[in-house]
Amino acid sequence: MAANTLDALFQRRAIKVFDGGEIPQALRQQVLEAARVAPSSFNSQPYSFYWVESPAAKEAVARLCMGQRPAVTASALIVAVADLGLWKVTTQGQLQWMRQQGFSPKKISEYETKAKFAKWFYIQGWFGVFGAIKWIILRVLHFWKTIGMAPVSRQGLFKWATKSTALACENLMIAAEALGLNTCPMEGFDGRRLSQFLGLSARYHEIVMVIAIGKKSPRHVEPPQWRRPLEATVKIL
């Protein structure tokens, strides 16, 4: 299995032309499950995925992806969204799971305490006032302690959520390759109109990328691949 995963990782390429064939539901489920189990900060899972496969919806989303060839020819389009509005559902879901799994009362109590403070991580207050207060407190503490600077602004929170979303996207693309599908991640899209089409809120959602998925067409031309050599990319201390 590890060898298959490595093969998928090294074989994955951004496919520009797909054959447009239907993706079986079982494969769709496996690909999305792979995205779902990706690592995320504090297991917060701050992302949502929109699988777009109906002809009308796919045509509309492809148009909002500037009519790019991968978007037009793909079997489906996956819109990956950094989602700041899921924290309550996520903490409640994990708490319910812990109870069902028979975690000790102590562990459940510890998680309940953490969950009560989780909302303060997301809340910005009127005009970002509470976020500014958090920034000042962390900066003052930094004079005496070695600490990380948690995201305090809405922009910082979206940047934080985007990291976890990108990890989930990579899981999805490698899983697709391992299952005999191909992908093409795209950043070229009309974010405002695509958000409106999906019913997203600028307060809680930011589209990270759109992934075209399907099987590559025989018409796809595979260009040579170049990456920087390892010694130019990695520094070992």
# chains A, B, ... in the order shown; residues from 1 in each chain; ligands from 1
>>> residues_around(residues="A:Ser109", least_positions_apart="6", cutoff="10 Å", atoms="only C-alpha atoms", output="list in words")
Leu95, Phe103 and Ala115 of chain A
>>> select_by_dssp(residues="stretch 55-195 of chain A", states="strand (DSSP E)", output="list in words")
Ala76, Leu77, Ile78, Val79, Ala80, Val81, Ala82, Asp83, Asn182, Thr183, Cys184, Pro185 and Met186 of chain A
>>> write_last_selection(atoms="C-alpha atoms", output="PDB file, in the first residue's frame")
ATOM      1  CA  ALA A  76     -16.576  16.749 -11.890  1.00  0.00           C
ATOM      2  CA  LEU A  77     -15.285  19.883 -10.222  1.00  0.00           C
ATOM      3  CA  ILE A  78     -14.432  20.050  -6.529  1.00  0.00           C
ATOM      4  CA  VAL A  79     -14.541  23.439  -4.861  1.00  0.00           C
ATOM      5  CA  ALA A  80     -12.365  23.475  -1.741  1.00  0.00           C
ATOM      6  CA  VAL A  81     -13.463  26.093   0.791  1.00  0.00           C
ATOM      7  CA  ALA A  82     -11.740  27.352   3.942  1.00  0.00           C
ATOM      8  CA  ASP A  83     -14.696  27.404   6.340  1.00  0.00           C
ATOM      9  CA  ASN A 182      -6.527  12.274 -12.482  1.00  0.00           C
ATOM     10  CA  THR A 183      -6.791  15.843 -11.240  1.00  0.00           C
ATOM     11  CA  CYS A 184      -5.896  19.433 -11.988  1.00  0.00           C
ATOM     12  CA  PRO A 185      -5.857  22.032  -9.181  1.00  0.00           C
ATOM     13  CA  MET A 186      -6.899  25.481 -10.386  1.00  0.00           C
TER      14      MET A 186
END
>>> closest_residue(among="A:Thr165, A:Gln96, A:Gln68, A:Thr113", to="A:Phe49", atoms="only C-alpha atoms")
A:Thr165
>>> closest_residue(among="A:Trp51, A:Phe197, A:Pro70, A:Tyr111", to="A:Val31", atoms="only C-alpha atoms")
A:Trp51
>>> closest_residue(among="A:Cys65, A:Ala71, A:Leu200, A:Ala38", to="A:Leu84", atoms="only C-alpha atoms")
A:Leu200
>>> select_by_dssp(residues="stretch 20-92 of chain A", states="helix (DSSP H, G or I)", output="number ranges by chain")
A: 25-36, 41-43, 55-64, 69-73, 84-92
>>> write_last_selection(atoms="N, CA and C atoms", output="mmCIF file, in the first residue's frame")
data_model
loop_
_atom_site.group_PDB
_atom_site.id
_atom_site.type_symbol
_atom_site.label_atom_id
_atom_site.label_comp_id
_atom_site.auth_asym_id
_atom_site.auth_seq_id
_atom_site.Cartn_x
_atom_site.Cartn_y
_atom_site.Cartn_z
ATOM 1 N N GLN A 25 -19.890 6.276 -8.011
ATOM 2 C CA GLN A 25 -20.127 6.810 -6.673
ATOM 3 C C GLN A 25 -19.138 6.252 -5.653
ATOM 4 N N ALA A 26 -18.761 4.963 -5.802
ATOM 5 C CA ALA A 26 -17.823 4.349 -4.856
ATOM 6 C C ALA A 26 -16.465 5.045 -4.900
ATOM 7 N N LEU A 27 -16.000 5.408 -6.104
ATOM 8 C CA LEU A 27 -14.729 6.123 -6.227
ATOM 9 C C LEU A 27 -14.840 7.523 -5.647
ATOM 10 N N ARG A 28 -15.955 8.179 -5.932
ATOM 11 C CA ARG A 28 -16.178 9.519 -5.371
ATOM 12 C C ARG A 28 -16.094 9.479 -3.844
ATOM 13 N N GLN A 29 -16.730 8.463 -3.260
ATOM 14 C CA GLN A 29 -16.739 8.328 -1.801
ATOM 15 C C GLN A 29 -15.322 8.162 -1.264
ATOM 16 N N GLN A 30 -14.504 7.330 -1.906
ATOM 17 C CA GLN A 30 -13.144 7.086 -1.435
ATOM 18 C C GLN A 30 -12.281 8.338 -1.522
ATOM 19 N N VAL A 31 -12.424 9.059 -2.621
ATOM 20 C CA VAL A 31 -11.637 10.284 -2.805
ATOM 21 C C VAL A 31 -11.979 11.313 -1.738
ATOM 22 N N LEU A 32 -13.266 11.481 -1.464
ATOM 23 C CA LEU A 32 -13.694 12.469 -0.472
ATOM 24 C C LEU A 32 -13.356 12.024 0.951
ATOM 25 N N GLU A 33 -13.397 10.714 1.202
ATOM 26 C CA GLU A 33 -12.985 10.208 2.516
ATOM 27 C C GLU A 33 -11.508 10.521 2.765
ATOM 28 N N ALA A 34 -10.689 10.402 1.715
ATOM 29 C CA ALA A 34 -9.266 10.714 1.850
ATOM 30 C C ALA A 34 -9.059 12.169 2.235
ATOM 31 N N ALA A 35 -9.860 13.061 1.650
ATOM 32 C CA ALA A 35 -9.780 14.478 2.013
ATOM 33 C C ALA A 35 -10.226 14.687 3.454
ATOM 34 N N ARG A 36 -11.270 13.976 3.847
ATOM 35 C CA ARG A 36 -11.859 14.147 5.181
ATOM 36 C C ARG A 36 -10.887 13.781 6.302
ATOM 37 N N SER A 41 -5.048 21.525 12.122
ATOM 38 C CA SER A 41 -4.658 22.115 13.399
ATOM 39 C C SER A 41 -5.740 21.881 14.448
ATOM 40 N N PHE A 42 -5.347 21.282 15.581
ATOM 41 C CA PHE A 42 -6.282 20.980 16.686
ATOM 42 C C PHE A 42 -7.464 20.120 16.236
ATOM 43 N N ASN A 43 -7.285 19.382 15.128
ATOM 44 C CA ASN A 43 -8.376 18.579 14.563
ATOM 45 C C ASN A 43 -9.616 19.437 14.296
ATOM 46 N N PRO A 55 -24.629 18.224 -14.968
ATOM 47 C CA PRO A 55 -24.198 18.972 -16.174
ATOM 48 C C PRO A 55 -24.404 20.482 -16.066
ATOM 49 N N ALA A 56 -25.559 20.902 -15.571
ATOM 50 C CA ALA A 56 -25.847 22.336 -15.511
ATOM 51 C C ALA A 56 -24.930 23.046 -14.522
ATOM 52 N N ALA A 57 -24.778 22.458 -13.328
ATOM 53 C CA ALA A 57 -23.930 23.084 -12.311
ATOM 54 C C ALA A 57 -22.472 23.075 -12.748
ATOM 55 N N LYS A 58 -22.031 21.973 -13.354
ATOM 56 C CA LYS A 58 -20.629 21.890 -13.787
ATOM 57 C C LYS A 58 -20.335 22.902 -14.875
ATOM 58 N N GLU A 59 -21.286 23.075 -15.789
ATOM 59 C CA GLU A 59 -21.107 24.074 -16.850
ATOM 60 C C GLU A 59 -20.995 25.472 -16.256
ATOM 61 N N ALA A 60 -21.826 25.765 -15.255
ATOM 62 C CA ALA A 60 -21.808 27.086 -14.625
ATOM 63 C C ALA A 60 -20.494 27.324 -13.893
ATOM 64 N N VAL A 61 -20.023 26.315 -13.150
ATOM 65 C CA VAL A 61 -18.778 26.474 -12.400
ATOM 66 C C VAL A 61 -17.588 26.553 -13.356
ATOM 67 N N ALA A 62 -17.601 25.741 -14.416
ATOM 68 C CA ALA A 62 -16.513 25.792 -15.401
ATOM 69 C C ALA A 62 -16.424 27.176 -16.033
ATOM 70 N N ARG A 63 -17.575 27.788 -16.301
ATOM 71 C CA ARG A 63 -17.594 29.143 -16.862
ATOM 72 C C ARG A 63 -16.957 30.128 -15.890
ATOM 73 N N LEU A 64 -17.203 29.932 -14.576
ATOM 74 C CA LEU A 64 -16.623 30.815 -13.566
ATOM 75 C C LEU A 64 -15.146 30.502 -13.308
ATOM 76 N N ARG A 69 -9.728 24.677 -19.948
ATOM 77 C CA ARG A 69 -9.972 23.366 -20.561
ATOM 78 C C ARG A 69 -10.145 22.258 -19.517
ATOM 79 N N PRO A 70 -9.330 22.205 -18.463
ATOM 80 C CA PRO A 70 -9.554 21.166 -17.460
ATOM 81 C C PRO A 70 -10.937 21.267 -16.825
ATOM 82 N N ALA A 71 -11.401 22.477 -16.574
ATOM 83 C CA ALA A 71 -12.709 22.666 -15.954
ATOM 84 C C ALA A 71 -13.833 22.242 -16.891
ATOM 85 N N VAL A 72 -13.694 22.553 -18.167
ATOM 86 C CA VAL A 72 -14.744 22.254 -19.145
ATOM 87 C C VAL A 72 -14.838 20.754 -19.417
ATOM 88 N N THR A 73 -13.692 20.050 -19.455
ATOM 89 C CA THR A 73 -13.680 18.637 -19.858
ATOM 90 C C THR A 73 -13.745 17.669 -18.679
ATOM 91 N N LEU A 84 -14.734 28.927 8.235
ATOM 92 C CA LEU A 84 -14.588 29.312 9.644
ATOM 93 C C LEU A 84 -15.882 29.105 10.429
ATOM 94 N N GLY A 85 -16.936 28.680 9.759
ATOM 95 C CA GLY A 85 -18.225 28.569 10.423
ATOM 96 C C GLY A 85 -18.536 27.189 10.970
ATOM 97 N N LEU A 86 -17.589 26.256 10.865
ATOM 98 C CA LEU A 86 -17.857 24.870 11.260
ATOM 99 C C LEU A 86 -17.364 24.525 12.658
ATOM 100 N N TRP A 87 -16.761 25.489 13.371
ATOM 101 C CA TRP A 87 -16.102 25.137 14.631
ATOM 102 C C TRP A 87 -17.076 24.541 15.645
ATOM 103 N N LYS A 88 -18.292 25.080 15.715
ATOM 104 C CA LYS A 88 -19.250 24.584 16.712
ATOM 105 C C LYS A 88 -19.701 23.163 16.382
ATOM 106 N N VAL A 89 -20.033 22.924 15.113
ATOM 107 C CA VAL A 89 -20.450 21.583 14.687
ATOM 108 C C VAL A 89 -19.322 20.579 14.916
ATOM 109 N N THR A 90 -18.088 21.003 14.628
ATOM 110 C CA THR A 90 -16.941 20.111 14.770
ATOM 111 C C THR A 90 -16.687 19.746 16.227
ATOM 112 N N THR A 91 -16.693 20.747 17.116
ATOM 113 C CA THR A 91 -16.433 20.447 18.536
ATOM 114 C C THR A 91 -17.558 19.601 19.130
ATOM 115 N N GLN A 92 -18.799 19.892 18.756
ATOM 116 C CA GLN A 92 -19.923 19.095 19.254
ATOM 117 C C GLN A 92 -19.859 17.666 18.726
#
>>> closest_atom_pairs(of="stretch 3-31 of chain A", to="stretch 209-218 of chain A", cutoff="6 Å", atoms="only C-alpha atoms", output="CSV")
residue,atom,partner,partner_atom,distance
A:Val17,CA,A:Ser217,CA,5.6
A:Phe18,CA,A:Lys216,CA,4.2
A:Asp19,CA,A:Ser217,CA,4.4
>>> write_last_selection(atoms="N, CA and C atoms", output="CSV table (one decimal), in the first residue's frame")
chain,number,residue,atom,x,y,z
A,17,VAL,N,-6.7,17.9,-20.1
A,17,VAL,CA,-7.8,17.5,-20.9
A,17,VAL,C,-8.3,16.2,-20.3
A,18,PHE,N,-9.6,16.1,-20.0
A,18,PHE,CA,-10.2,14.9,-19.4
A,18,PHE,C,-11.2,14.3,-20.4
A,19,ASP,N,-11.5,13.0,-20.2
A,19,ASP,CA,-12.4,12.3,-21.1
A,19,ASP,C,-13.9,12.6,-20.8
>>> residues_around(residues="A:Ala202", least_positions_apart="6", cutoff="10 Å", atoms="only C-alpha atoms", output="list in words")
Asp83, Arg192, Ser195 and Gln196 of chain A
>>> atom_distance(atom1="atom CA of A:Arg154", atom2="atom CA of A:Glu110")
27.4 Å
>>> closest_residue(among="A:Arg12, A:Gly102, A:Val37, A:Met66", to="A:Glu187", atoms="only C-alpha atoms")
A:Met66
